[in-house]
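*Asks:* What follows is final32.csv, made up of CSV, C-alpha atoms:
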chain,number,residue,atom,x,y,z
A,760,MET,CA,0.0,0.0,0.0
A,761,ARG,CA,1.2,3.5,-0.7
A,762,VAL,CA,-0.3,7.0,-0.2
A,763,GLY,CA,0.5,10.1,-2.2
A,764,LEU,CA,-0.7,13.6,-3.0
A,765,LEU,CA,-3.0,14.0,-5.9
A,766,PRO,CA,-0.9,14.8,-8.9
A,767,ALA,CA,-1.4,17.9,-11.0
A,768,ALA,CA,-3.4,17.5,-14.3
A,769,GLU,CA,-1.2,17.5,-17.4
A,770,THR,CA,-3.7,16.3,-20.0
A,771,GLN,CA,-7.5,16.0,-20.5
A,772,PRO,CA,-8.1,12.4,-21.5
A,773,THR,CA,-11.5,11.4,-23.0
A,774,VAL,CA,-13.7,9.4,-20.7
A,775,LEU,CA,-16.7,7.5,-21.9
A,776,VAL,CA,-19.5,7.3,-19.4
A,777,VAL,CA,-22.0,4.5,-20.2
A,778,VAL,CA,-25.5,5.3,-18.8
A,779,PRO,CA,-27.8,2.2,-18.8
A,780,CYS,CA,-31.4,3.3,-18.5
A,781,TYR,CA,-34.7,1.5,-17.8
A,782,ASN,CA,-37.7,3.7,-16.9
A,783,TYR,CA,-35.4,6.3,-15.4
A,784,GLY,CA,-36.2,9.1,-17.9
A,785,HIS,CA,-37.0,11.5,-15.1
A,786,TYR,CA,-33.5,11.1,-13.7
A,787,LEU,CA,-31.6,11.3,-17.0
A,788,PRO,CA,-31.1,15.1,-17.3
A,789,ALA,CA,-29.5,15.4,-13.9
A,790,CYS,CA,-27.3,12.3,-14.5
A,791,VAL,CA,-26.1,13.6,-17.8
A,792,ASP,CA,-25.5,17.1,-16.5
A,793,SER,CA,-23.3,15.7,-13.7
A,794,ILE,CA,-21.2,14.0,-16.4
A,795,LEU,CA,-20.8,16.8,-18.9
A,796,GLY,CA,-19.9,19.2,-16.1
A,797,GLN,CA,-16.8,17.2,-15.2
A,798,THR,CA,-13.5,19.1,-15.2
A,799,GLY,CA,-10.0,17.9,-16.1
A,800,VAL,CA,-11.3,15.4,-18.7
A,801,SER,CA,-13.1,15.4,-22.0
A,802,PRO,CA,-16.4,13.5,-21.1
A,803,ARG,CA,-18.5,11.6,-23.6
A,804,VAL,CA,-21.9,9.9,-22.8
A,805,LEU,CA,-23.4,6.8,-24.2
A,806,ILE,CA,-27.0,6.4,-23.0
A,807,ILE,CA,-28.5,2.9,-23.6
A,808,ASP,CA,-32.2,2.7,-23.1
A,809,ASP,CA,-33.2,-0.9,-22.5
A,810,ALA,CA,-36.7,-0.7,-24.1
A,811,SER,CA,-38.1,1.5,-21.4
A,812,THR,CA,-41.9,1.8,-21.1
A,813,ASP,CA,-41.7,5.5,-19.9
A,814,ASP,CA,-40.4,8.5,-21.9
A,815,SER,CA,-36.7,7.6,-21.3
A,816,ALA,CA,-35.9,7.2,-25.0
A,817,SER,CA,-37.4,10.6,-26.0
A,818,VAL,CA,-35.7,12.3,-23.1
A,819,ALA,CA,-32.3,10.7,-24.1
A,820,ARG,CA,-32.8,11.8,-27.7
A,821,ALA,CA,-33.7,15.3,-26.7
A,822,LEU,CA,-30.5,15.5,-24.6
A,823,ALA,CA,-28.4,14.2,-27.5
A,824,ALA,CA,-29.9,16.8,-29.9
A,825,ARG,CA,-28.6,19.6,-27.7
A,826,ASP,CA,-25.0,18.2,-27.2
A,827,ASP,CA,-23.0,16.2,-29.7
A,828,ARG,CA,-21.0,14.6,-26.9
A,829,ILE,CA,-24.0,12.4,-26.2
A,830,GLU,CA,-24.8,9.2,-28.1
A,831,VAL,CA,-28.1,7.3,-27.7
A,832,VAL,CA,-28.9,3.6,-28.3
A,833,VAL,CA,-32.5,2.5,-27.9
A,834,HIS,CA,-33.3,-1.2,-27.6
A,835,THR,CA,-36.5,-2.5,-29.2
A,836,ALA,CA,-36.6,-5.4,-26.8
A,837,ASN,CA,-35.4,-5.5,-23.2
A,838,VAL,CA,-32.1,-7.4,-22.7
A,839,GLY,CA,-31.7,-6.8,-19.0
A,840,HIS,CA,-29.1,-4.8,-17.1
A,841,ILE,CA,-26.2,-7.2,-17.5
A,842,GLY,CA,-26.6,-7.3,-21.3
A,843,THR,CA,-26.9,-3.5,-21.4
A,844,TYR,CA,-23.8,-3.0,-19.2
A,845,ASN,CA,-21.7,-5.3,-21.4
A,846,GLU,CA,-22.9,-3.7,-24.6
A,847,GLY,CA,-21.8,-0.3,-23.5
A,848,LEU,CA,-18.5,-1.2,-21.9
A,849,SER,CA,-17.4,-3.4,-24.8
A,850,SER,CA,-18.0,-0.5,-27.2
A,851,ALA,CA,-15.6,1.9,-25.4
A,852,GLU,CA,-12.7,3.1,-27.5
A,853,THR,CA,-11.6,5.7,-25.0
A,854,THR,CA,-8.7,5.2,-22.5
A,855,TYR,CA,-11.1,5.3,-19.5
A,856,VAL,CA,-14.6,4.2,-19.0
A,857,VAL,CA,-17.3,4.5,-16.3
A,858,LEU,CA,-20.6,2.7,-15.8
A,859,LEU,CA,-23.1,5.1,-14.2
A,860,SER,CA,-26.8,4.2,-13.6
A,861,ALA,CA,-29.2,6.8,-14.9
A,862,ASP,CA,-30.5,7.4,-11.4
A,863,ASP,CA,-27.0,8.2,-10.0
A,864,LEU,CA,-24.7,11.3,-10.3
A,865,LEU,CA,-21.0,12.0,-10.5
A,866,ALA,CA,-19.6,14.4,-7.9
A,867,PRO,CA,-18.0,17.5,-9.2
A,868,GLY,CA,-14.4,16.9,-10.3
A,869,ALA,CA,-14.6,13.1,-9.8
A,870,LEU,CA,-13.4,12.0,-13.2
A,871,GLY,CA,-10.5,14.5,-13.2
A,872,ARG,CA,-9.3,13.3,-9.8
A,873,ALA,CA,-9.5,9.6,-10.8
A,874,VAL,CA,-7.8,10.1,-14.2
A,875,ARG,CA,-5.0,12.1,-12.7
A,876,VAL,CA,-4.1,9.2,-10.5
A,877,MET,CA,-4.2,6.7,-13.4
A,878,GLU,CA,-2.2,8.9,-15.7
A,879,SER,CA,0.5,9.0,-13.0
A,880,ASP,CA,0.8,5.2,-12.8
A,881,PRO,CA,-0.2,3.0,-15.8
A,882,ARG,CA,-0.3,0.0,-13.5
A,883,ILE,CA,-3.5,1.3,-11.9
A,884,GLY,CA,-6.6,0.1,-13.7
A,885,LEU,CA,-9.3,0.9,-11.2
A,886,VAL,CA,-9.9,4.0,-9.1
A,887,TYR,CA,-12.8,4.6,-6.6
A,888,GLY,CA,-13.7,6.8,-3.7
A,889,HIS,CA,-16.5,7.5,-1.3
A,890,PRO,CA,-20.1,7.4,-2.7
A,891,GLN,CA,-22.6,9.5,-0.9
A,892,ASN,CA,-26.1,8.0,-0.6
A,893,PHE,CA,-28.9,10.4,-1.0
A,894,GLU,CA,-32.7,10.5,-1.4
A,895,GLY,CA,-33.8,14.1,-2.3
A,896,GLU,CA,-30.7,16.1,-3.3
A,897,PRO,CA,-27.0,15.2,-2.6
A,898,ASP,CA,-25.0,17.3,-0.2
A,899,PRO,CA,-21.9,18.5,-2.2
A,900,THR,CA,-19.8,19.1,0.8
A,901,PRO,CA,-16.3,20.1,-0.4
A,902,SER,CA,-13.2,18.5,1.0
A,903,ARG,CA,-9.6,19.8,1.0
A,904,VAL,CA,-8.1,16.3,1.2
A,905,THR,CA,-6.1,15.7,-2.0
A,906,THR,CA,-4.5,12.3,-1.3
A,907,TRP,CA,-4.8,8.9,-2.9
A,908,THR,CA,-4.0,5.4,-1.7
A,909,ALA,CA,-2.9,2.6,-4.0
A,910,TRP,CA,-2.6,-1.1,-3.5
A,911,THR,CA,-1.3,-3.9,-5.7
A,912,GLY,CA,-4.0,-6.1,-7.0
A,913,PRO,CA,-3.2,-9.0,-4.6
A,914,GLU,CA,-3.2,-6.6,-1.6
A,915,TRP,CA,-6.6,-5.2,-2.5
A,916,ILE,CA,-8.1,-8.7,-3.2
A,917,ASP,CA,-7.0,-9.8,0.3
A,918,ARG,CA,-8.8,-6.8,1.8
A,919,GLN,CA,-11.9,-7.4,-0.2
A,920,PHE,CA,-12.2,-11.0,1.0
A,921,ARG,CA,-11.6,-10.0,4.6
A,922,ARG,CA,-14.4,-7.4,4.4
A,923,GLY,CA,-16.9,-9.8,2.9
A,924,LEU,CA,-18.9,-6.9,1.6
A,925,SER,CA,-18.2,-5.0,-1.6
A,926,ILE,CA,-15.8,-2.1,-1.0
A,927,ILE,CA,-17.0,-0.3,-4.1
A,928,TYR,CA,-20.7,0.5,-4.8
A,929,SER,CA,-20.3,1.1,-8.5
A,930,PRO,CA,-21.0,4.8,-9.4
A,931,GLU,CA,-17.7,5.9,-8.0
A,932,ALA,CA,-15.6,3.5,-10.1
A,933,VAL,CA,-13.4,4.7,-13.0
A,934,VAL,CA,-11.7,1.9,-15.0
A,935,ARG,CA,-8.9,1.8,-17.5
A,936,THR,CA,-10.5,0.4,-20.6
A,937,ALA,CA,-7.5,-1.9,-21.4
A,938,ALA,CA,-7.9,-3.4,-17.9
A,939,HIS,CA,-11.6,-4.0,-18.5
A,940,ARG,CA,-10.9,-5.7,-21.8
A,941,GLN,CA,-8.4,-7.9,-20.1
A,942,ALA,CA,-10.6,-8.7,-17.1
A,943,GLY,CA,-13.7,-9.3,-19.2
A,944,TRP,CA,-17.4,-8.3,-18.9
A,945,TYR,CA,-20.2,-8.8,-16.4
A,946,ARG,CA,-21.5,-12.3,-15.8
A,947,PRO,CA,-25.2,-12.9,-16.4
A,948,GLU,CA,-25.4,-15.5,-13.6
A,949,LEU,CA,-24.5,-12.7,-11.1
A,950,PRO,CA,-27.4,-10.2,-11.5
A,951,HIS,CA,-27.0,-8.6,-8.1
A,952,SER,CA,-23.3,-9.1,-7.2
A,953,GLY,CA,-21.7,-8.8,-10.6
A,954,ASP,CA,-20.0,-5.6,-9.5
A,955,LEU,CA,-18.2,-7.3,-6.6
A,956,GLU,CA,-16.9,-10.0,-8.9
A,957,MET,CA,-15.9,-7.5,-11.5
A,958,TRP,CA,-13.8,-5.5,-9.0
A,959,LEU,CA,-12.0,-8.6,-8.0
A,960,ARG,CA,-11.3,-9.5,-11.7
A,961,LEU,CA,-10.0,-6.0,-12.3
A,962,ALA,CA,-7.7,-6.2,-9.3
A,963,ASP,CA,-6.4,-9.5,-10.6
A,964,VAL,CA,-5.0,-7.7,-13.7
A,965,ALA,CA,-4.2,-4.3,-12.4
A,966,HIS,CA,-3.4,-2.1,-9.3
A,967,VAL,CA,-6.3,-0.4,-7.5
A,968,ALA,CA,-6.4,3.2,-6.1
A,969,ARG,CA,-8.8,5.3,-4.0
A,970,ILE,CA,-9.3,9.0,-3.9
A,971,ASN,CA,-9.3,10.1,-0.2
A,972,GLY,CA,-11.6,12.8,1.1
A,973,PRO,CA,-14.1,14.1,-1.4
A,974,ASP,CA,-17.2,12.2,-2.6
A,975,GLN,CA,-16.6,10.6,-6.0
A,976,ALA,CA,-20.3,9.9,-6.7
A,977,TYR,CA,-23.8,10.3,-5.4
A,978,ARG,CA,-25.8,7.1,-5.2
A,979,ARG,CA,-29.5,7.6,-5.2
A,980,VAL,CA,-31.6,5.5,-2.8
A,981,HIS,CA,-35.2,4.9,-3.8
A,982,GLU,CA,-37.8,2.2,-3.7
A,983,ALA,CA,-37.5,1.3,-7.4
A,984,SER,CA,-33.7,0.5,-7.1
A,985,MET,CA,-32.6,-3.1,-7.4
A,986,MET,CA,-31.4,-3.2,-3.8
A,987,HIS,CA,-35.0,-2.5,-2.7
A,988,THR,CA,-36.6,-5.0,-5.0
A,989,ALA,CA,-35.3,-8.4,-6.2
A,990,PHE,CA,-32.5,-8.8,-3.6
A,991,ALA,CA,-33.8,-6.7,-0.7
A,992,THR,CA,-33.4,-9.3,2.1
A,993,PRO,CA,-30.0,-9.7,3.8
A,994,LEU,CA,-30.0,-13.4,3.2
A,995,ALA,CA,-30.5,-13.0,-0.5
A,996,ASP,CA,-27.7,-10.5,-0.5
A,997,LEU,CA,-25.4,-12.9,1.3
A,998,GLU,CA,-26.2,-15.7,-1.1
A,999,GLN,CA,-25.3,-13.4,-4.1
A,1000,ARG,CA,-22.1,-12.2,-2.4
A,1001,ARG,CA,-21.0,-15.8,-1.8
A,1002,ALA,CA,-21.8,-16.6,-5.5
A,1003,ALA,CA,-19.6,-13.6,-6.6
A,1004,TYR,CA,-16.6,-14.7,-4.5
A,1005,GLU,CA,-16.9,-18.3,-5.6
A,1006,SER,CA,-17.2,-17.3,-9.2
A,1007,PHE,CA,-14.0,-15.3,-9.0
A,1008,LEU,CA,-12.1,-18.1,-7.2
A,1009,ASP,CA,-13.3,-20.8,-9.5
A,1010,ARG,CA,-12.1,-19.0,-12.6
A,1011,SER,CA,-8.9,-17.4,-11.2
A,1012,SER,CA,-5.4,-18.5,-11.9
A,1013,LEU,CA,-4.3,-17.9,-8.3
A,1014,PRO,CA,-2.2,-20.5,-6.6
A,1015,ALA,CA,-4.3,-23.3,-5.0
A,1016,ALA,CA,-3.1,-22.5,-1.5
A,1017,ARG,CA,-4.1,-18.8,-1.9
A,1018,VAL,CA,-7.5,-19.7,-3.3
A,1019,ALA,CA,-8.1,-22.0,-0.3
A,1020,ARG,CA,-7.1,-19.3,2.2
A,1021,LEU,CA,-9.2,-16.6,0.5
A,1022,ARG,CA,-12.2,-19.0,0.4
A,1023,ARG,CA,-12.0,-19.8,4.1
A,1024,THR,CA,-11.7,-16.1,5.0
A,1025,MET,CA,-14.8,-15.3,3.0
A,1026,GLN,CA,-16.8,-18.3,4.2
A,1027,LYS,CA,-16.1,-17.4,7.9
A,1028,ARG,CA,-17.0,-13.8,7.3
A,1029,LEU,CA,-20.3,-14.5,5.5
A,1030,ALA,CA,-21.3,-17.3,8.0
A,1031,ALA,CA,-20.8,-15.0,11.0
A,1032,GLU,CA,-22.8,-12.2,9.3
A,1033,ALA,CA,-25.7,-14.6,8.6
A,1034,ILE,CA,-25.8,-15.7,12.3
A,1035,GLY,CA,-25.4,-12.2,13.6
A,1036,TRP,CA,-28.2,-10.9,11.4
A,1037,ALA,CA,-30.5,-13.7,12.7
A,1038,CYS,CA,-29.6,-12.9,16.3
A,1039,ASP,CA,-30.3,-9.2,15.8
A,1040,ARG,CA,-33.6,-9.8,14.1
A,1041,LEU,CA,-34.9,-12.0,16.9
A,1042,SER,CA,-34.5,-9.0,19.3
A,1043,GLU,CA,-36.7,-6.7,17.2
A,1044,PRO,CA,-40.4,-6.0,18.0
A,1045,ALA,CA,-41.4,-8.0,15.0
A,1046,PRO,CA,-38.9,-10.8,15.0
A,1047,LEU,CA,-38.2,-13.0,12.0
A,1048,PRO,CA,-40.3,-16.2,11.6
A,1049,GLY,CA,-38.7,-19.3,12.8
A,1050,ALA,CA,-38.3,-20.6,9.2
A,1051,GLU,CA,-36.3,-17.5,8.3
A,1052,ILE,CA,-34.0,-18.0,11.3
A,1053,ASP,CA,-33.5,-21.6,10.2
A,1054,ARG,CA,-32.6,-20.5,6.7
A,1055,CYS,CA,-30.0,-18.1,8.1
A,1056,LEU,CA,-28.5,-20.9,10.3
A,1057,ALA,CA,-28.6,-23.3,7.3
A,1058,PHE,CA,-26.8,-20.8,5.1
A,1059,ALA,CA,-24.0,-20.3,7.8
A,1060,LEU,CA,-23.5,-24.1,8.2
A,1061,ALA,CA,-23.5,-24.7,4.5
A,1062,THR,CA,-21.1,-21.8,3.9
A,1063,TRP,CA,-18.4,-22.6,6.4
A,1064,ASP,CA,-17.6,-25.9,8.0
A,1065,GLY,CA,-16.6,-24.2,11.3
A,1066,ALA,CA,-19.8,-22.2,11.6
A,1067,HIS,CA,-21.1,-24.4,14.5
A,1068,ARG,CA,-18.2,-23.0,16.6
A,1069,LEU,CA,-19.2,-19.3,16.1
A,1070,PRO,CA,-20.2,-17.5,19.3
A,1071,GLY,CA,-23.4,-16.3,17.5
A,1072,VAL,CA,-24.7,-19.9,17.2
A,1073,ARG,CA,-24.8,-20.2,21.0
A,1074,GLU,CA,-26.3,-16.8,21.3
A,1075,LEU,CA,-29.0,-17.7,18.7
A,1076,ALA,CA,-29.9,-20.8,20.7
A,1077,LEU,CA,-30.2,-18.7,23.9
A,1078,ARG,CA,-32.4,-16.1,22.1
A,1079,ARG,CA,-34.7,-18.8,20.8
A,1080,SER,CA,-34.9,-20.5,24.2
A,1081,PRO,CA,-37.7,-19.6,26.7
A,1082,SER,CA,-35.0,-19.5,29.4
A,1083,SER,CA,-34.6,-16.1,31.2
A,1084,ALA,CA,-31.6,-16.9,33.4
A,1085,ALA,CA,-29.5,-13.9,34.2
A,1086,GLY,CA,-26.3,-15.4,32.8
A,1087,ASP,CA,-28.0,-16.1,29.5
A,1088,ARG,CA,-29.3,-12.5,29.3
A,1089,ILE,CA,-25.8,-11.2,29.9
A,1090,ARG,CA,-24.4,-13.5,27.1
A,1091,ILE,CA,-27.0,-12.2,24.7
A,1092,ARG,CA,-26.2,-8.5,25.5
A,1093,LEU,CA,-22.5,-9.1,25.2
A,1094,GLY,CA,-22.9,-10.8,21.8
A,1095,SER,CA,-25.0,-7.9,20.6
A,1096,ALA,CA,-22.6,-5.3,21.9
A,1097,ALA,CA,-19.6,-7.1,20.2
A,1098,ARG,CA,-21.4,-7.1,16.8
A,1099,ASN,CA,-22.2,-3.4,17.1
A,1100,VAL,CA,-18.6,-2.5,17.9
A,1101,ALA,CA,-17.3,-4.7,15.1
A,1102,GLY,CA,-19.8,-3.3,12.6
A,1103,ARG,CA,-18.9,0.3,13.5
A,1104,LEU,CA,-15.2,-0.5,13.1
A,1105,ARG,CA,-15.7,-2.1,9.8
A,1106,TRP,CA,-17.7,0.9,8.6
A,1107,ARG,CA,-15.1,3.4,9.8
A,1108,ARG,CA,-12.3,1.5,8.1
A,1109,TRP,CA,-14.2,1.5,4.8
A,1110,ARG,CA,-15.2,5.2,5.1
A,1111,TYR,CA,-11.8,6.6,6.0
A,1112,LEU,CA,-9.3,4.0,4.7
A,1113,GLY,CA,-11.2,2.7,1.7
A,1114,THR,CA,-11.2,-1.0,2.7
Take the structure in the file and write it out as structure tokens.

*Replies:*
Amino acid sequence: MRVGLLPAAETQPTVLVVVPCYNYGHYLPACVDSILGQTGVSPRVLIIDDASTDDSASVARALAARDDRIEVVVHTANVGHIGTYNEGLSSAETTYVVLLSADDLLAPGALGRAVRVMESDPRIGLVYGHPQNFEGEPDPTPSRVTTWTAWTGPEWIDRQFRRGLSIIYSPEAVVRTAAHRQAGWYRPELPHSGDLEMWLRLADVAHVARINGPDQAYRRVHEASMMHTAFATPLADLEQRRAAYESFLDRSSLPAARVARLRRTMQKRLAAEAIGWACDRLSEPAPLPGAEIDRCLAFALATWDGAHRLPGVRELALRRSPSSAAGDRIRIRLGSAARNVAGRLRWRRWRYLGT
């Protein structure tokens, strides 16, 4: 790992931003404005409308009519988000490429900062930063921090497996197109966790860097987003994450011993998360049904062969037991407190150190 000051801009490379859109016509103008307003680069926009049933196509065409930096492709039949991603990314002829959902925004100066880092070191193929979640309007709080951190690919992969949860949330990622072509495109069998698997593949062929301080993107949170629909439950999310890690390991050329170590690290992390989630949900006013708790336990036991030794398994049994012994209540409180502390530490490490 190395940390440096953000280098000065020497050129203005062209960056293609691929904007997949399905029924997000009302978000498109703001998304495109956030791209074309980027400084330090020459931005271009490719909007791919995936046969929307709203006015997305007409909105996109109207935007393109006003600015020749915008290109529009309109599907006559819906191919799904993975197919749309791959169509746009594989068409990139620029040095750098970004995938930005039509409901998200780039933060001011984000592309310039990322590209300056990659221009300073050709080994870096992926740059990310902090994404701000927002509902109404983002809060463009400026930051004076102008540093970046870089890791070799193997270093970053190790950190991603230890975290067990994607370090990058997509809109803040800028990729060197050559690295993308080497790593390949999104896998259709990973509709929810394809991003996580993609970052691992990119780190397998290039170094990874992070912009420290300023937000790099604004990630819109709303009821129509995928994280609130098809994969809204934590257990479904855990299953998709496990599939992403396994997909990467099954196809990687890493040494067998390293694959085994990474797999066990991931398995233990996800098993502990499943058990912890079940424990916490049992303490809520409307606890999970017993069948859901059983599914969480089954996931943990199927994911890691040492899951039965996790402290949370004992805590889960105590929570499901009618016993009210003082010692049991203390163990339950201690388990909950330990998870809260660990969760806060994991969040702070991700927020301020990038992993």

*Asks:* Can you tell me, as a PDB file with C-alpha atoms, in the coordinates of the input, what residues are no more than 12 Å from Ser1012 in chain A when counting all atoms listed in the file, ignoring any on the same chain fewer than 4 positions away?

*Replies:*
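Full text of around_27.pdb as output:
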ATOM      1  CA  ARG A 960     -11.300  -9.500 -11.700  1.00  0.00           C
ATOM      2  CA  ASP A 963      -6.400  -9.500 -10.600  1.00  0.00           C
ATOM      3  CA  VAL A 964      -5.000  -7.700 -13.700  1.00  0.00           C
ATOM      4  CA  PHE A1007     -14.000 -15.300  -9.000  1.00  0.00           C
ATOM      5  CA  LEU A1008     -12.100 -18.100  -7.200  1.00  0.00           C
ATOM      6  CA  ALA A1016      -3.100 -22.500  -1.500  1.00  0.00           C
ATOM      7  CA  ARG A1017      -4.100 -18.800  -1.900  1.00  0.00           C
ATOM      8  CA  VAL A1018      -7.500 -19.700  -3.300  1.00  0.00           C
TER       9      VAL A1018
END

*Asks:* Using Å and a single decimal, report how far CA of Ala1033 in chain A sits from CA of Cys1055 in chain A.

*Replies:*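 These two atoms are separated by 5.6 Å.
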
*Asks:* Looking at A:Arg820, A:Arg1078, A:His834, A:Arg946, which one is nearest to Ser1006 in chain A, with distances taken over only C-alpha atoms?

*Replies:*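 Closest to Ser1006 in chain A of all the choices is A:Arg946.
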
*Asks:* Between CA of Leu885 in chain A and CA of Arg979 in chain A, what distance in Å does the model show, to one decimal?

*Replies:*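 Separating CA of Leu885 in chain A from CA of Arg979 in chain A is a distance of 22.1 Å.
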
*Asks:* So how many Å separate CA of Arg1088 in chain A and CA of Pro1070 in chain A, to one decimal?

*Replies:*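 One can read the CA of Arg1088 in chain A to CA of Pro1070 in chain A distance as 14.4 Å.
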
*Asks:* Report as number ranges by chain all protein, DNA and RNA residues lying within 10 Å of Ser1042 in chain A, evaluated on all atoms listed in the file, omitting residues in the same chain fewer than 4 positions from it.

*Replies:* A: 1037-1038, 1046-1047, 1078-1079, 1091, 1095

*Asks:* Taking C-alpha atoms for each residue, export the selection above as a PDB file, in the frame of the given file.

*Replies:*
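The file below, again-v8.pdb, is the result:
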ATOM      1  CA  ALA A1037     -30.500 -13.700  12.700  1.00  0.00           C
ATOM      2  CA  CYS A1038     -29.600 -12.900  16.300  1.00  0.00           C
ATOM      3  CA  PRO A1046     -38.900 -10.800  15.000  1.00  0.00           C
ATOM      4  CA  LEU A1047     -38.200 -13.000  12.000  1.00  0.00           C
ATOM      5  CA  ARG A1078     -32.400 -16.100  22.100  1.00  0.00           C
ATOM      6  CA  ARG A1079     -34.700 -18.800  20.800  1.00  0.00           C
ATOM      7  CA  ILE A1091     -27.000 -12.200  24.700  1.00  0.00           C
ATOM      8  CA  SER A1095     -25.000  -7.900  20.600  1.00  0.00           C
TER       9      SER A1095
END

*Asks:* Considering all atoms listed in the file, state which residue in the set A:Arg1090, A:Arg935, A:Arg1054, A:Arg1023 is at the smallest distance from Met877 in chain A.

*Replies:* A:Arg935

*Asks:* Taking only C-alpha atoms into account, which of A:Lys1027, A:Arg1098, A:His785, A:His966 comes nearest Ala1066 in chain A?

*Replies:*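 Closest residue, counting only C-alpha atoms: A:Lys1027.
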
*Asks:* Residues within 12 Å of Pro779 in chain A, please, as an MDAnalysis selection string. Count all atoms listed in the file; anything in the same chain fewer than 4 positions from it doesn't count.

*Replies:* chainID A and resid 783:784 786:787 790:791 804:811 815:816 819 831:834 837:848 857:863 930

*Asks:* Using all atoms listed in the file, which residue out of A:Ala851, A:Val933, A:Val967, A:Ala823 lies closest to Arg882 in chain A?

*Replies:*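 Nearest candidate to Arg882 in chain A out of A:Ala851, A:Val933, A:Val967, A:Ala823: A:Val967.
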
*Asks:* Do you know which residues lie at most 8 Å from (-14.1, -1.7, -4.1), with coordinates as in the file and all atoms listed in the file counted, and could you write them as a list in words?

*Replies:*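 Nearby residues: Tyr887, Gln919, Ser925, Ile926, Ile927, Tyr928, Leu955, Trp958, Gly1113 and Thr1114 of chain A.
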
*Asks:* Include C-alpha atoms and write out the residues we just selected as a PDB file, keeping the file's coordinate frame.

*Replies:*
ATOM      1  CA  TYR A 887     -12.800   4.600  -6.600  1.00  0.00           C
ATOM      2  CA  GLN A 919     -11.900  -7.400  -0.200  1.00  0.00           C
ATOM      3  CA  SER A 925     -18.200  -5.000  -1.600  1.00  0.00           C
ATOM      4  CA  ILE A 926     -15.800  -2.100  -1.000  1.00  0.00           C
ATOM      5  CA  ILE A 927     -17.000  -0.300  -4.100  1.00  0.00           C
ATOM      6  CA  TYR A 928     -20.700   0.500  -4.800  1.00  0.00           C
ATOM      7  CA  LEU A 955     -18.200  -7.300  -6.600  1.00  0.00           C
ATOM      8  CA  TRP A 958     -13.800  -5.500  -9.000  1.00  0.00           C
ATOM      9  CA  GLY A1113     -11.200   2.700   1.700  1.00  0.00           C
ATOM     10  CA  THR A1114     -11.200  -1.000   2.700  1.00  0.00           C
TER      11      THR A1114
END

*Asks:* Please determine, counting all atoms listed in the file, which residue among A:Ala1030, A:Ala824, A:Ala869, A:Val876 has the shortest atom-to-atom distance to Ala932 in chain A.

*Replies:*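 Checking each of A:Ala1030, A:Ala824, A:Ala869, A:Val876 against Ala932 in chain A, counting all atoms listed in the file, the winner is A:Ala869.
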
*Asks:* Using only C-alpha atoms, list the residues that have an atom at most 6 Å from (-21.6, -17.1, 0.7), coordinates as in the file, as a list in words.

*Replies:* Leu997, Glu998, Arg1000, Arg1001, Leu1029 and Thr1062 of chain A

*Asks:* Excluding range 891-902 of chain A and any residue of its chain fewer than 5 positions from it, enumerate the residues within 9 Å of it, using only C-alpha atoms, and give them as a list in words.

*Replies:* Leu864, Ala866, Pro867, Gly972, Pro973, Asp974, Gln975, Ala976, Tyr977, Arg978, Arg979, Val980 and His981 of chain A

*Asks:* List the spatial neighbours of His939 in chain A as a count of residues only - criterion: any atom at most 9 Å away, all atoms listed in the file, same-chain residues fewer than 3 positions off excluded.

*Replies:* 14

*Asks:* Which residue out of A:Val886, A:Ile1052, A:Leu1104, A:Ala1061 has the minimum interatomic distance to Arg969 in chain A when only C-alpha atoms are used?

*Replies:*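 Of A:Val886, A:Ile1052, A:Leu1104, A:Ala1061, the one nearest Arg969 in chain A, counting only C-alpha atoms, is A:Val886.
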